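The data block below is upload.txt; it holds compact mmCIF, C-alpha atoms (C1' of nucleotides).
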```
# COMPACT_ATOMS: atom_id res chain seq x y z
CA MET A 1 -35.97 18.80 -59.95
CA ARG A 2 -39.53 17.89 -60.81
CA ARG A 3 -39.47 20.60 -63.46
CA ALA A 4 -36.36 19.04 -64.92
CA ALA A 5 -38.01 15.62 -64.94
CA ARG A 6 -40.98 17.10 -66.75
CA LEU A 7 -38.78 18.68 -69.40
CA PHE A 8 -36.76 15.53 -70.06
CA LEU A 9 -39.94 13.48 -70.23
CA SER A 10 -41.80 15.73 -72.61
CA ARG A 11 -38.89 16.06 -75.01
CA SER A 12 -35.50 14.37 -74.67
CA TYR A 13 -32.26 14.70 -72.76
CA ARG A 14 -30.37 16.34 -75.57
CA ASP A 15 -33.21 18.59 -76.52
CA VAL A 16 -33.34 20.24 -73.12
CA GLY A 17 -30.51 22.68 -72.50
CA VAL A 18 -28.96 23.67 -69.21
CA ASP A 19 -30.30 27.20 -69.69
CA GLU A 20 -33.79 25.82 -69.95
CA LEU A 21 -33.27 23.67 -66.88
CA CYS A 22 -32.16 26.74 -64.95
CA ALA A 23 -35.09 28.83 -66.16
CA ALA A 24 -37.54 26.12 -65.10
CA ALA A 25 -35.98 25.99 -61.65
CA GLU A 26 -35.72 29.80 -61.44
CA VAL A 27 -32.05 29.52 -60.77
CA ARG A 28 -29.14 31.27 -62.44
CA LYS A 29 -26.60 29.21 -64.32
CA GLY A 30 -23.77 29.79 -61.89
CA SER A 31 -25.86 28.48 -59.00
CA PHE A 32 -26.78 25.47 -61.09
CA TYR A 33 -23.14 24.56 -61.50
CA HIS A 34 -22.59 25.07 -57.82
CA PHE A 35 -24.91 22.17 -57.05
CA PHE A 36 -24.43 19.99 -60.11
CA ALA A 37 -21.20 18.85 -61.65
CA GLY A 38 -22.85 18.93 -65.05
CA LYS A 39 -25.98 18.29 -67.03
CA SER A 40 -25.71 14.53 -66.73
CA ASP A 41 -25.83 14.85 -62.94
CA VAL A 42 -29.32 16.27 -63.31
CA ALA A 43 -30.29 13.27 -65.38
CA LYS A 44 -28.99 10.99 -62.65
CA ALA A 45 -30.99 12.84 -60.02
CA VAL A 46 -34.09 12.67 -62.22
CA ILE A 47 -33.58 8.94 -62.64
CA ASP A 48 -33.31 8.52 -58.87
CA LEU A 49 -36.47 10.55 -58.39
CA HIS A 50 -38.41 8.37 -60.80
CA THR A 51 -36.87 5.21 -59.39
CA THR A 52 -38.02 5.83 -55.84
CA ALA A 53 -41.46 6.81 -57.10
CA LEU A 54 -41.69 3.64 -59.19
CA LEU A 55 -40.47 1.26 -56.50
CA ASP A 56 -42.81 2.89 -54.03
CA ARG A 57 -45.76 2.35 -56.34
CA LEU A 58 -44.79 -1.22 -57.13
CA SER A 59 -44.39 -2.10 -53.47
CA ARG A 60 -47.93 -0.89 -52.88
CA ALA A 61 -49.33 -3.58 -55.20
CA SER A 62 -51.25 -5.86 -52.88
CA GLY A 63 -53.51 -8.87 -53.19
CA ALA A 64 -54.30 -12.12 -51.46
CA THR A 65 -52.59 -14.21 -54.10
CA ALA A 66 -49.39 -13.69 -56.05
CA ALA A 67 -51.49 -13.75 -59.21
CA GLU A 68 -53.46 -10.78 -57.96
CA ARG A 69 -50.28 -8.99 -56.96
CA LEU A 70 -48.92 -9.58 -60.46
CA HIS A 71 -51.93 -7.85 -61.91
CA GLY A 72 -51.44 -5.13 -59.33
CA LEU A 73 -47.95 -4.50 -60.70
CA ALA A 74 -49.38 -4.18 -64.18
CA ASP A 75 -51.94 -1.70 -62.91
CA ALA A 76 -49.25 0.32 -61.16
CA ILE A 77 -47.42 0.77 -64.44
CA GLY A 78 -50.67 1.53 -66.21
CA THR A 79 -51.49 4.17 -63.64
CA ILE A 80 -48.12 5.84 -64.00
CA GLN A 81 -48.52 5.98 -67.75
CA THR A 82 -52.10 7.25 -67.71
CA GLY A 83 -50.87 9.85 -65.23
CA PHE A 84 -48.23 11.01 -67.70
CA GLU A 85 -50.82 10.93 -70.44
CA GLU A 86 -53.05 13.29 -68.46
CA ARG A 87 -50.25 15.66 -67.61
CA PHE A 88 -48.71 15.78 -71.08
CA GLY A 89 -51.73 15.12 -73.27
CA ARG A 90 -50.14 12.05 -74.79
CA VAL A 91 -47.99 9.04 -74.01
CA VAL A 92 -44.49 10.43 -73.60
CA GLY A 93 -42.66 7.20 -72.83
CA CYS A 94 -40.96 5.69 -69.84
CA PRO A 95 -38.49 8.02 -68.10
CA PHE A 96 -35.95 5.21 -67.96
CA GLY A 97 -36.63 3.76 -71.37
CA ASN A 98 -36.36 7.14 -73.05
CA LEU A 99 -33.04 7.95 -71.47
CA ALA A 100 -31.73 4.43 -71.99
CA ALA A 101 -32.49 4.45 -75.69
CA GLU A 102 -30.93 7.87 -76.13
CA LEU A 103 -27.88 7.58 -73.92
CA ALA A 104 -26.97 3.93 -73.27
CA THR A 105 -24.41 3.88 -76.07
CA THR A 106 -23.19 7.41 -75.39
CA ASP A 107 -22.86 7.93 -71.65
CA GLU A 108 -21.47 4.95 -69.80
CA ASP A 109 -22.18 6.45 -66.42
CA LEU A 110 -25.86 7.03 -67.10
CA ARG A 111 -26.07 3.64 -68.77
CA THR A 112 -25.02 1.81 -65.60
CA HIS A 113 -27.31 4.03 -63.56
CA LEU A 114 -30.26 3.08 -65.75
CA ALA A 115 -29.26 -0.57 -65.82
CA ASN A 116 -29.36 -0.47 -62.04
CA THR A 117 -32.90 0.88 -62.02
CA PHE A 118 -34.04 -1.73 -64.51
CA ALA A 119 -32.47 -4.44 -62.36
CA GLN A 120 -34.36 -3.22 -59.29
CA TRP A 121 -37.57 -3.03 -61.28
CA GLU A 122 -37.07 -6.52 -62.63
CA GLY A 123 -36.29 -7.67 -59.09
CA GLU A 124 -39.66 -6.42 -57.86
CA PHE A 125 -41.34 -8.38 -60.62
CA ALA A 126 -39.22 -11.45 -59.97
CA THR A 127 -40.15 -11.53 -56.29
CA VAL A 128 -43.84 -11.72 -57.09
CA CYS A 129 -43.28 -14.14 -59.96
CA ARG A 130 -41.41 -16.48 -57.63
CA GLN A 131 -44.22 -16.22 -55.11
CA ALA A 132 -46.65 -17.15 -57.87
CA ALA A 133 -44.46 -20.11 -58.78
CA ALA A 134 -44.38 -21.20 -55.14
CA GLU A 135 -48.16 -20.96 -54.99
CA GLY A 136 -48.38 -23.11 -58.09
CA ALA A 137 -50.13 -20.32 -59.96
CA LEU A 138 -47.74 -20.40 -62.91
CA ARG A 139 -48.21 -22.66 -65.87
CA ARG A 140 -46.02 -25.70 -66.11
CA GLY A 141 -42.59 -24.87 -67.51
CA VAL A 142 -42.78 -21.14 -66.84
CA ASP A 143 -39.58 -19.83 -65.27
CA PRO A 144 -40.45 -17.00 -62.86
CA ASP A 145 -37.26 -15.03 -63.48
CA ARG A 146 -37.68 -15.15 -67.23
CA LEU A 147 -41.30 -14.14 -66.80
CA ALA A 148 -40.23 -11.16 -64.70
CA ARG A 149 -37.94 -9.97 -67.45
CA ALA A 150 -40.60 -10.62 -70.10
CA LEU A 151 -43.01 -8.44 -68.15
CA LEU A 152 -40.50 -5.62 -67.87
CA ALA A 153 -39.66 -5.90 -71.56
CA GLN A 154 -43.33 -5.98 -72.46
CA ALA A 155 -43.96 -2.84 -70.47
CA GLN A 156 -41.06 -1.03 -72.13
CA GLY A 157 -42.08 -2.18 -75.59
CA GLN A 158 -45.74 -1.35 -75.20
CA ILE A 159 -44.94 2.09 -73.84
CA LEU A 160 -42.58 2.78 -76.72
CA LEU A 161 -45.13 1.64 -79.32
CA ALA A 162 -47.93 3.65 -77.74
CA LYS A 163 -45.70 6.71 -77.67
CA THR A 164 -44.64 6.28 -81.28
CA ALA A 165 -48.15 5.71 -82.58
CA THR A 166 -49.62 8.29 -80.17
CA GLU A 167 -52.09 5.75 -78.90
CA PRO A 168 -53.92 5.93 -75.56
CA ALA A 169 -52.07 4.70 -72.50
CA ALA A 170 -54.85 2.34 -71.52
CA GLY A 171 -53.57 -0.33 -73.90
CA ILE A 172 -50.33 -0.68 -71.94
CA ALA A 173 -51.84 -2.14 -68.79
CA ALA A 174 -54.20 -4.25 -70.90
CA ALA A 175 -51.28 -5.84 -72.73
CA LEU A 176 -49.55 -6.57 -69.43
CA HIS A 177 -52.68 -8.21 -68.04
CA ASP A 178 -52.83 -10.34 -71.17
CA LEU A 179 -49.26 -11.43 -70.75
CA ILE A 180 -49.76 -12.32 -67.09
CA ASP A 181 -52.90 -14.30 -67.80
CA ALA A 182 -51.11 -16.20 -70.54
CA HIS A 183 -48.64 -17.48 -67.96
CA LEU A 184 -51.12 -18.25 -65.21
CA GLU A 185 -52.54 -21.71 -64.62
CA GLU A 186 -55.92 -22.25 -66.30
CA GLY A 187 -58.79 -21.02 -64.18
CA LEU A 188 -56.71 -18.33 -62.52
CA ALA A 189 -56.79 -16.00 -65.49
CA THR A 190 -59.17 -13.08 -65.08
CA MET B 1 -26.20 5.89 -96.54
CA ARG B 2 -25.03 2.73 -94.87
CA ARG B 3 -22.35 4.75 -93.14
CA ALA B 4 -25.01 7.10 -91.85
CA ALA B 5 -27.06 4.17 -90.59
CA ARG B 6 -24.02 2.87 -88.80
CA LEU B 7 -23.36 6.19 -87.10
CA PHE B 8 -26.94 6.66 -85.92
CA LEU B 9 -27.04 3.11 -84.66
CA SER B 10 -23.80 3.24 -82.74
CA ARG B 11 -24.59 6.54 -81.06
CA SER B 12 -27.80 8.53 -81.47
CA TYR B 13 -29.46 10.88 -83.92
CA ARG B 14 -28.59 14.05 -82.05
CA ASP B 15 -25.08 12.91 -81.30
CA VAL B 16 -24.17 12.57 -84.97
CA GLY B 17 -23.66 15.86 -86.73
CA VAL B 18 -24.15 16.69 -90.40
CA ASP B 19 -20.40 17.29 -90.70
CA GLU B 20 -19.75 13.80 -89.45
CA LEU B 21 -22.32 12.37 -91.82
CA CYS B 22 -20.60 14.14 -94.70
CA ALA B 23 -17.16 12.97 -93.63
CA ALA B 24 -18.36 9.36 -93.44
CA ALA B 25 -19.82 9.61 -96.93
CA GLU B 26 -16.77 11.49 -98.24
CA VAL B 27 -18.98 14.27 -99.44
CA ARG B 28 -18.70 17.99 -98.85
CA LYS B 29 -21.44 19.74 -96.97
CA GLY B 30 -22.78 21.67 -99.93
CA SER B 31 -23.26 18.46 -101.90
CA PHE B 32 -25.03 16.95 -98.95
CA TYR B 33 -27.60 19.70 -98.96
CA HIS B 34 -28.02 19.30 -102.69
CA PHE B 35 -29.40 15.81 -102.13
CA PHE B 36 -31.03 16.14 -98.72
CA ALA B 37 -33.39 18.82 -97.53
CA GLY B 38 -31.93 18.46 -94.06
CA LYS B 39 -30.55 16.14 -91.46
CA SER B 40 -33.93 14.59 -90.69
CA ASP B 41 -34.20 13.51 -94.33
CA VAL B 42 -31.18 11.32 -93.79
CA ALA B 43 -32.89 9.76 -90.80
CA LYS B 44 -35.92 9.06 -92.95
CA ALA B 45 -33.78 7.43 -95.61
CA VAL B 46 -32.00 5.36 -92.98
CA ILE B 47 -35.34 4.25 -91.59
CA ASP B 48 -36.45 3.21 -95.07
CA LEU B 49 -33.22 1.30 -95.58
CA HIS B 50 -33.68 -0.62 -92.35
CA THR B 51 -37.37 -1.14 -93.05
CA THR B 52 -36.87 -2.86 -96.38
CA ALA B 53 -34.08 -4.97 -94.88
CA LEU B 54 -36.30 -5.98 -91.98
CA LEU B 55 -39.39 -6.77 -94.03
CA ASP B 56 -37.25 -8.74 -96.45
CA ARG B 57 -35.83 -10.81 -93.62
CA LEU B 58 -39.21 -11.36 -92.01
CA SER B 59 -40.77 -12.47 -95.28
CA ARG B 60 -38.05 -15.09 -95.59
CA ALA B 61 -39.23 -16.81 -92.42
CA SER B 62 -40.59 -20.13 -93.65
CA GLY B 63 -41.94 -23.28 -92.13
CA ALA B 64 -44.59 -25.92 -92.70
CA THR B 65 -46.78 -24.64 -89.89
CA ALA B 66 -47.63 -21.15 -88.73
CA ALA B 67 -46.09 -22.05 -85.38
CA GLU B 68 -42.79 -22.74 -87.09
CA ARG B 69 -43.05 -19.53 -89.05
CA LEU B 70 -43.65 -17.65 -85.81
CA HIS B 71 -40.40 -19.01 -84.43
CA GLY B 72 -38.79 -18.11 -87.72
CA LEU B 73 -39.78 -14.48 -87.20
CA ALA B 74 -38.21 -14.56 -83.75
CA ASP B 75 -35.04 -15.98 -85.24
CA ALA B 76 -34.98 -13.30 -87.90
CA ILE B 77 -34.97 -10.60 -85.24
CA GLY B 78 -32.38 -12.50 -83.25
CA THR B 79 -30.17 -12.75 -86.31
CA ILE B 80 -30.40 -9.04 -86.99
CA GLN B 81 -29.45 -8.25 -83.42
CA THR B 82 -26.56 -10.72 -83.24
CA GLY B 83 -25.41 -9.21 -86.52
CA PHE B 84 -25.36 -5.75 -84.96
CA GLU B 85 -23.64 -7.21 -81.92
CA GLU B 86 -20.85 -8.60 -84.07
CA ARG B 87 -20.43 -5.40 -86.02
CA PHE B 88 -20.51 -3.04 -83.05
CA GLY B 89 -19.17 -5.27 -80.31
CA ARG B 90 -22.32 -4.89 -78.26
CA VAL B 91 -26.08 -4.64 -78.50
CA VAL B 92 -26.76 -1.15 -79.84
CA GLY B 93 -30.54 -1.28 -79.95
CA CYS B 94 -33.17 -1.37 -82.64
CA PRO B 95 -32.75 1.27 -85.36
CA PHE B 96 -36.43 2.12 -85.12
CA GLY B 97 -36.75 1.86 -81.36
CA ASN B 98 -33.73 4.08 -80.78
CA LEU B 99 -34.99 6.81 -83.07
CA ALA B 100 -38.55 6.48 -81.79
CA ALA B 101 -37.54 6.91 -78.18
CA GLU B 102 -35.35 9.88 -79.00
CA LEU B 103 -37.52 11.72 -81.50
CA ALA B 104 -41.16 10.65 -81.24
CA THR B 105 -42.04 13.61 -79.02
CA THR B 106 -39.79 16.04 -80.87
CA ASP B 107 -40.12 15.46 -84.60
CA GLU B 108 -43.66 14.77 -85.73
CA ASP B 109 -42.59 13.86 -89.25
CA LEU B 110 -40.12 11.21 -88.14
CA ARG B 111 -42.61 9.99 -85.56
CA THR B 112 -45.21 9.15 -88.20
CA HIS B 113 -42.52 7.62 -90.37
CA LEU B 114 -41.46 5.33 -87.54
CA ALA B 115 -45.06 4.55 -86.60
CA ASN B 116 -45.54 3.43 -90.18
CA THR B 117 -42.61 1.04 -89.99
CA PHE B 118 -43.83 -0.37 -86.70
CA ALA B 119 -47.27 -0.88 -88.22
CA GLN B 120 -45.80 -2.82 -91.15
CA TRP B 121 -43.69 -4.88 -88.80
CA GLU B 122 -46.68 -5.63 -86.61
CA GLY B 123 -48.63 -6.49 -89.74
CA GLU B 124 -46.08 -9.14 -90.71
CA PHE B 125 -46.43 -10.66 -87.27
CA ALA B 126 -50.22 -10.43 -87.36
CA THR B 127 -50.42 -12.30 -90.65
CA VAL B 128 -48.58 -15.27 -89.23
CA CYS B 129 -50.44 -15.07 -85.92
CA ARG B 130 -53.74 -15.20 -87.76
CA GLN B 131 -52.54 -18.18 -89.74
CA ALA B 132 -51.63 -19.87 -86.48
CA ALA B 133 -55.09 -19.09 -85.15
CA ALA B 134 -56.66 -20.54 -88.29
CA GLU B 135 -54.58 -23.67 -87.87
CA GLY B 136 -55.76 -23.95 -84.29
CA ALA B 137 -52.20 -23.65 -83.02
CA LEU B 138 -52.98 -20.82 -80.61
CA ARG B 139 -54.19 -21.39 -77.10
CA ARG B 140 -57.82 -20.84 -76.38
CA GLY B 141 -58.59 -17.15 -75.86
CA VAL B 142 -55.46 -15.84 -77.52
CA ASP B 143 -56.22 -12.98 -79.90
CA PRO B 144 -53.81 -13.14 -82.84
CA ASP B 145 -53.65 -9.38 -83.35
CA ARG B 146 -52.91 -8.71 -79.71
CA LEU B 147 -50.29 -11.45 -79.80
CA ALA B 148 -48.66 -9.80 -82.80
CA ARG B 149 -48.34 -6.56 -80.91
CA ALA B 150 -47.12 -8.34 -77.79
CA LEU B 151 -44.38 -9.96 -79.87
CA LEU B 152 -43.30 -6.63 -81.34
CA ALA B 153 -43.35 -5.00 -77.92
CA GLN B 154 -41.42 -7.88 -76.43
CA ALA B 155 -38.77 -7.57 -79.11
CA GLN B 156 -38.43 -3.83 -78.53
CA GLY B 157 -38.31 -4.22 -74.78
CA GLN B 158 -35.82 -7.06 -74.77
CA ILE B 159 -33.54 -5.22 -77.16
CA LEU B 160 -33.66 -2.10 -75.03
CA LEU B 161 -32.91 -4.01 -71.85
CA ALA B 162 -30.06 -5.95 -73.45
CA LYS B 163 -28.61 -2.70 -74.75
CA THR B 164 -28.90 -0.96 -71.40
CA ALA B 165 -27.39 -3.84 -69.42
CA THR B 166 -24.88 -4.60 -72.21
CA GLU B 167 -26.01 -8.20 -72.26
CA PRO B 168 -25.46 -10.61 -75.16
CA ALA B 169 -27.95 -10.46 -78.01
CA ALA B 170 -28.69 -14.17 -77.77
CA GLY B 171 -31.21 -13.60 -75.00
CA ILE B 172 -33.46 -11.57 -77.27
CA ALA B 173 -34.47 -14.42 -79.57
CA ALA B 174 -34.72 -16.77 -76.60
CA ALA B 175 -37.23 -14.49 -74.91
CA LEU B 176 -39.27 -14.27 -78.08
CA HIS B 177 -39.32 -18.07 -78.43
CA ASP B 178 -40.52 -18.25 -74.83
CA LEU B 179 -43.31 -15.83 -75.53
CA ILE B 180 -44.42 -17.70 -78.64
CA ASP B 181 -44.39 -21.05 -76.87
CA ALA B 182 -46.45 -19.59 -74.04
CA HIS B 183 -49.22 -18.84 -76.53
CA LEU B 184 -49.08 -22.06 -78.48
CA GLU B 185 -51.39 -24.97 -77.83
CA GLU B 186 -49.88 -27.63 -75.55
CA GLY B 187 -47.73 -30.10 -77.41
CA LEU B 188 -46.79 -27.59 -80.09
CA ALA B 189 -44.26 -25.78 -77.95
CA THR B 190 -40.66 -26.58 -78.79
C1' DC C 1 -18.44 42.19 -35.05
C1' DC C 2 -15.46 39.68 -37.81
C1' DC C 3 -14.24 36.06 -40.79
C1' DG C 4 -14.69 31.95 -43.34
C1' DT C 5 -17.82 29.30 -45.86
C1' DT C 6 -21.74 28.68 -48.75
C1' DC C 7 -24.35 30.35 -52.19
C1' DT C 8 -25.54 33.66 -56.04
C1' DT C 9 -24.93 36.35 -60.02
C1' DG C 10 -24.49 37.48 -64.96
C1' DA C 11 -21.25 38.22 -68.25
C1' DC C 12 -18.30 35.46 -70.87
C1' DT C 13 -15.92 31.58 -73.65
C1' DG C 14 -14.88 28.55 -77.26
C1' DA C 15 -16.75 24.87 -79.61
C1' DC C 16 -20.08 23.18 -82.45
C1' DC C 17 -24.57 23.05 -84.51
C1' DG C 18 -27.61 22.83 -88.88
C1' DG C 19 -27.93 25.24 -92.76
C1' DT C 20 -26.72 28.83 -96.73
C1' DC C 21 -24.55 30.63 -100.66
C1' DA C 22 -22.20 32.26 -104.74
C1' DA C 23 -18.89 30.65 -107.57
C1' DC C 24 -17.22 26.92 -110.09
C1' DT C 25 -17.00 22.45 -112.76
C1' DA C 26 -18.71 18.37 -115.36
C1' DC C 27 -21.75 16.54 -118.19
C1' DC C 28 -25.40 15.88 -121.57
C1' DC C 29 -28.37 17.24 -125.36
C1' DG C 30 -29.23 19.67 -129.45
C1' DC D 1 -19.56 23.68 -130.05
C1' DG D 2 -22.88 26.12 -127.13
C1' DG D 3 -25.76 26.34 -123.29
C1' DG D 4 -28.52 24.58 -119.75
C1' DT D 5 -28.66 21.63 -115.92
C1' DA D 6 -26.83 18.74 -112.29
C1' DG D 7 -23.47 18.36 -109.06
C1' DT D 8 -19.48 20.29 -106.26
C1' DT D 9 -16.93 23.17 -103.34
C1' DG D 10 -15.43 25.56 -99.12
C1' DA D 11 -16.04 29.67 -96.86
C1' DC D 12 -19.39 31.48 -94.09
C1' DC D 13 -23.69 32.47 -91.01
C1' DG D 14 -26.34 33.15 -86.77
C1' DG D 15 -27.61 30.57 -83.05
C1' DT D 16 -27.03 27.52 -79.32
C1' DC D 17 -24.52 24.55 -76.48
C1' DA D 18 -22.27 23.10 -71.92
C1' DG D 19 -19.45 24.97 -68.95
C1' DT D 20 -16.37 28.92 -66.52
C1' DC D 21 -15.19 32.60 -63.65
C1' DA D 22 -14.37 36.60 -60.79
C1' DA D 23 -16.92 39.21 -57.99
C1' DG D 24 -19.98 39.78 -54.44
C1' DA D 25 -23.99 38.65 -51.13
C1' DA D 26 -25.85 35.99 -47.29
C1' DC D 27 -25.17 33.37 -43.51
C1' DG D 28 -23.44 31.25 -39.27
C1' DG D 29 -20.21 30.34 -35.55
C1' DG D 30 -16.87 32.12 -32.39
```

Rewrite the structure from the file as structure tokens, please.
Amino acid sequence: MRRAARLFLSRSYRDVGVDELCAAAEVRKGSFYHFFAGKSDVAKAVIDLHTTALLDRLSRASGATAAERLHGLADAIGTIQTGFEERFGRVVGCPFGNLAAELATTDEDLRTHLANTFAQWEGEFATVCRQAAAEGALRRGVDPDRLARALLAQAQGQILLAKTATEPAAGIAAALHDLIDAHLEEGLAT
Amino acid sequence: MRRAARLFLSRSYRDVGVDELCAAAEVRKGSFYHFFAGKSDVAKAVIDLHTTALLDRLSRASGATAAERLHGLADAIGTIQTGFEERFGRVVGCPFGNLAAELATTDEDLRTHLANTFAQWEGEFATVCRQAAAEGALRRGVDPDRLARALLAQAQGQILLAKTATEPAAGIAAALHDLIDAHLEEGLAT
DNA sequence: CCCGTTCTTGACTGACCGGTCAACTACCCG
DNA sequence: CGGGTAGTTGACCGGTCAGTCAAGAACGGG
């Protein structure tokens, strides 16, 4: 399963064949189809794998204030991406973003699956954003839910741009910190 | 060519075959390969088509102040996306973002081509951001070049999320306006 | 020990992929 | 009108794709 995730991440869903998936898992094709209904089922399982890993990492973001926790979320994403960068030698994109861009208009089932993950992700952000709002850490007029989505979108966009330009992953977290600071009350920004 | 752009946009690069491309253009396969070296050449041409259309639209963004022009850029992107939404019945993604996510790790030639487009796009943003900085419209500590990239990333991310969740395109421009306002000096925000 | 279930195997299928090619036609320039 | 070039055609190629299947092996409970 981890092998499959690696293959999809380093290339693309369509570019990785079932034969290749089987070879990576040292399993023969017949056995593969005994456990999976089809190739897209593997994608679903890979998405679930990444989702639990992501949510686990995000939930670990701690800090005395919501503002600190917000920066912790940004660091969590940065860490994931620098991790991929180390393993693959370059920024290879977000597992969800890659699949979403490739398959959202093609495979309705995977689309909803990915939308679900994004919603959970955004929810994690929103929780902390609302805490920040409650603590009065957010600038006047900043809606916490819209900020949560902006952060998620920023992460996706920065990852995509870094991948396309083959830039270092370090810039991703930096951009997220920028965005957070821009929405924090004066004096709270790092 | 426009037919090809439509096909790639509504589905994905890999999902559209050369045969289909030929059928849409009412051309036989042999003729196709007389004009194009291969399928990826079509993608390049499609990218160029979208690039000129985008840059043209962005350059049309006018306004007395740089702040207004910034909002004009956001509207330009919003208009493009609502246009796609009308034509396809849903948000289908950014022509560049879609291809980048799918092919950046697979086709080095297309990757650089897309990186080039993104750089030009970011450059258009940066010009206006720097004007805003010169006019003193930007908040203290806001780097215009980093803001330009944040805007581009935000656009890409919002489009991807809207596509994945099949949400209306209207939210994309709204999010960009939010982001711009968050970086504008108090009193300038709309 | 037997039998049913779970799992494994590798050969196989039919569709489709991007790309090639030799023959043919249309057109333009001298 | 002759000949070279640009464009056209459809049959064809080898390779790959996701998925199938009949046969058998391994296992586990009664």

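Neighbours of His71 (chain B) closer than or equal to 9 Å, with only C-alpha atoms (C1' of nucleotides) counted and sequence neighbours fewer than 3 positions away skipped, come out as B:Ala61, B:Gly63, B:Ala66, B:Ala67, B:Glu68, B:Ala74, B:Asp75, B:Ala76, B:Ala173, B:Leu176, B:His177, B:Ile180, B:Asp181.
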
What would the file look like if the residues just selected were written as a PDB file, in the coordinates of the input with C-alpha atoms?
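Wrote it out as out24.pdb, contents follow:
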```pdb
ATOM      1  CA  ALA B  61     -39.230 -16.810 -92.420  1.00  0.00           C
ATOM      2  CA  GLY B  63     -41.940 -23.280 -92.130  1.00  0.00           C
ATOM      3  CA  ALA B  66     -47.630 -21.150 -88.730  1.00  0.00           C
ATOM      4  CA  ALA B  67     -46.090 -22.050 -85.380  1.00  0.00           C
ATOM      5  CA  GLU B  68     -42.790 -22.740 -87.090  1.00  0.00           C
ATOM      6  CA  ALA B  74     -38.210 -14.560 -83.750  1.00  0.00           C
ATOM      7  CA  ASP B  75     -35.040 -15.980 -85.240  1.00  0.00           C
ATOM      8  CA  ALA B  76     -34.980 -13.300 -87.900  1.00  0.00           C
ATOM      9  CA  ALA B 173     -34.470 -14.420 -79.570  1.00  0.00           C
ATOM     10  CA  LEU B 176     -39.270 -14.270 -78.080  1.00  0.00           C
ATOM     11  CA  HIS B 177     -39.320 -18.070 -78.430  1.00  0.00           C
ATOM     12  CA  ILE B 180     -44.420 -17.700 -78.640  1.00  0.00           C
ATOM     13  CA  ASP B 181     -44.390 -21.050 -76.870  1.00  0.00           C
TER      14      ASP B 181
END
```

Min atom-atom distance to DG19 (chain C) from the set B:Gly17, B:Pro95, B:Gly38, B:Gly89, counting all atoms listed in the file, belongs to B:Gly38

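Between C1' of DA23 (chain C) and C1' of DG14 (chain D) lies a distance of 22.2 Å.
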
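Using only C-alpha atoms, the shortest contact distance between chain B and any of A:Leu9, A:Ala25, A:Ala170, A:Leu58 is found at A:Leu9.
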
Do me a favour and pick out the residues of chain D within 9 Å of chain A, using only C-alpha atoms (C1' of nucleotides), as number ranges by chain. D: 17-20

Preceding selection exported with C-alpha atoms (C1' of nucleotides) as a compact mmCIF listing (two decimals), in the coordinates of the input:
```txt
# COMPACT_ATOMS: atom_id res chain seq x y z
C1' DC D 17 -24.52 24.55 -76.48
C1' DA D 18 -22.27 23.10 -71.92
C1' DG D 19 -19.45 24.97 -68.95
C1' DT D 20 -16.37 28.92 -66.52
```

Could you list, as a short mmCIF file (atom, residue, chain, number, x, y, z; two decimals) with C-alpha atoms, keeping the file's coordinate frame, every residue of chain A that has an atom within 9 Å of an atom of chain B, counting only C-alpha atoms?
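Result written to iface28.cif:
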```
data_model
loop_
_atom_site.label_atom_id
_atom_site.label_comp_id
_atom_site.auth_asym_id
_atom_site.auth_seq_id
_atom_site.Cartn_x
_atom_site.Cartn_y
_atom_site.Cartn_z
CA SER A 10 -41.80 15.73 -72.61
CA ARG A 11 -38.89 16.06 -75.01
CA SER A 12 -35.50 14.37 -74.67
CA TYR A 13 -32.26 14.70 -72.76
CA ARG A 14 -30.37 16.34 -75.57
CA ASP A 15 -33.21 18.59 -76.52
CA VAL A 92 -44.49 10.43 -73.60
CA GLY A 93 -42.66 7.20 -72.83
CA GLY A 97 -36.63 3.76 -71.37
CA ASN A 98 -36.36 7.14 -73.05
CA LEU A 99 -33.04 7.95 -71.47
CA ALA A 100 -31.73 4.43 -71.99
CA ALA A 101 -32.49 4.45 -75.69
CA GLU A 102 -30.93 7.87 -76.13
CA LEU A 103 -27.88 7.58 -73.92
CA ALA A 104 -26.97 3.93 -73.27
CA THR A 105 -24.41 3.88 -76.07
CA THR A 106 -23.19 7.41 -75.39
CA ARG A 111 -26.07 3.64 -68.77
CA THR A 112 -25.02 1.81 -65.60
CA LEU A 114 -30.26 3.08 -65.75
CA ALA A 115 -29.26 -0.57 -65.82
CA ASN A 116 -29.36 -0.47 -62.04
CA PHE A 118 -34.04 -1.73 -64.51
CA ALA A 119 -32.47 -4.44 -62.36
CA ARG A 139 -48.21 -22.66 -65.87
CA VAL A 142 -42.78 -21.14 -66.84
CA ARG A 146 -37.68 -15.15 -67.23
CA ARG A 149 -37.94 -9.97 -67.45
CA ALA A 150 -40.60 -10.62 -70.10
CA LEU A 151 -43.01 -8.44 -68.15
CA LEU A 152 -40.50 -5.62 -67.87
CA ALA A 153 -39.66 -5.90 -71.56
CA GLN A 154 -43.33 -5.98 -72.46
CA ALA A 155 -43.96 -2.84 -70.47
CA GLN A 156 -41.06 -1.03 -72.13
CA GLY A 157 -42.08 -2.18 -75.59
CA GLN A 158 -45.74 -1.35 -75.20
CA ILE A 159 -44.94 2.09 -73.84
CA LEU A 160 -42.58 2.78 -76.72
CA LEU A 161 -45.13 1.64 -79.32
CA LYS A 163 -45.70 6.71 -77.67
CA THR A 164 -44.64 6.28 -81.28
CA ALA A 165 -48.15 5.71 -82.58
CA THR A 166 -49.62 8.29 -80.17
CA ALA A 175 -51.28 -5.84 -72.73
CA LEU A 176 -49.55 -6.57 -69.43
CA ASP A 178 -52.83 -10.34 -71.17
CA LEU A 179 -49.26 -11.43 -70.75
CA ALA A 182 -51.11 -16.20 -70.54
CA HIS A 183 -48.64 -17.48 -67.96
#
```
